[in-house]
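Quick notes on the structure that follows.
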Amino acid sequence: MKFLSFFFVLFLSVACIKTAEQVQREKRIESMSEQMNDSRGLVADLVSQIKDLQSQLDRMNGKIEEMEHRNQQGNPETVKMQESINLLKTQQESENTQLLAIQNELKEQRAFIEKVTTSLSHVGKETSHSKVQKKSAKSDLAHALELIKQDAYAEARGVLEGLIDDPDLTMGDKNKVFFGLGKVEYFTKNYDKGLVYFSKIYSKYPKASLAPTCLLFIGRSFARMDKKGEAKEAFAKVVEDYPESKEALEAKKEL
């Protein structure tokens, strides 16, 4: 029962694992989406300001034309009217400058939205790879497993961790990735971490070709951690579930 309880906790832990790459990608997408929404709101405000300024300029132009016309007709208050015209023209120039600044800012915001949209599109396509990349992922996996045989555990760990979320690997290949990581942790005496990887395969794919080996390593990990009861249950489970396997023969020796 202790083994089953420990195993259940491991299974729940594994199910909740997210890689740093997944978390980073989700944060990037969320941040970009928020920036784009903020920018769209700003664009709407800028468009509204432009319309208001344009309306004010149109009204001001009408007043200037009317006053210049009256001035040409010999209005007795010519000097005062001219001052008013000059003032309106100064205001018009100021608002024209302001309008130009808003229009430039609007262009920048639209360019920013286009850039963010493109970036979001790229993030969404990051998991799309060519056939050459598929071949590369499988080659990396084979190389990492060979590194384990050569006791180059640190280098193997780096390669395997980079393959955890590779979309071009089959489920069988993914199991090999987790099994490889489990062996790396086991042989470097990080038994707790090794248990997580071995349990991930055994709990989710008990009929997979690597399942009996993983269960055998689970028993060995418990034994190295001096948890003899859990180790004995794991070895017995290998014999019970996979009686015809070579792992069962190894488990009987461990009992």
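Going through the structure tokens in order, the chains are called A, B, and so on, while each chain numbers its residues from 1 and the ligands are numbered from 1 in the order shown.
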Next item on the list: Do a neighbour search on Ala154 in chain A at 10 Å with only C-alpha atoms, toss out local chain neighbours closer than 5 positions, and write the hits as a ChimeraX atom specification.
Entry: /A:147-148,159,184-185,188
Item checked: CA of Asn190 in chain A to CA of Phe222 in chain A, straight-line distance in Å -> 11.4 Å
Notebook entry, point to check: Tell me, which residues of range 88-233 of chain A carry DSSP helix (DSSP H, G or I), written as a ChimeraX atom specification?
Noted result: /A:88-124,131-149,153-161,171-187,191-204,211-224,228-233
Note to self: If I take CA of Gln91 in chain A and CA of Asp52 in chain A, how far is one from the other in Å, to one decimal?
What the structure shows: 14.6 Å
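In terms of minimum interatomic distance to Ala144 in chain A, A:Leu163 ranks closest within A:Met171, A:Leu163, A:Ile102, A:Leu215, counting only C-alpha atoms.
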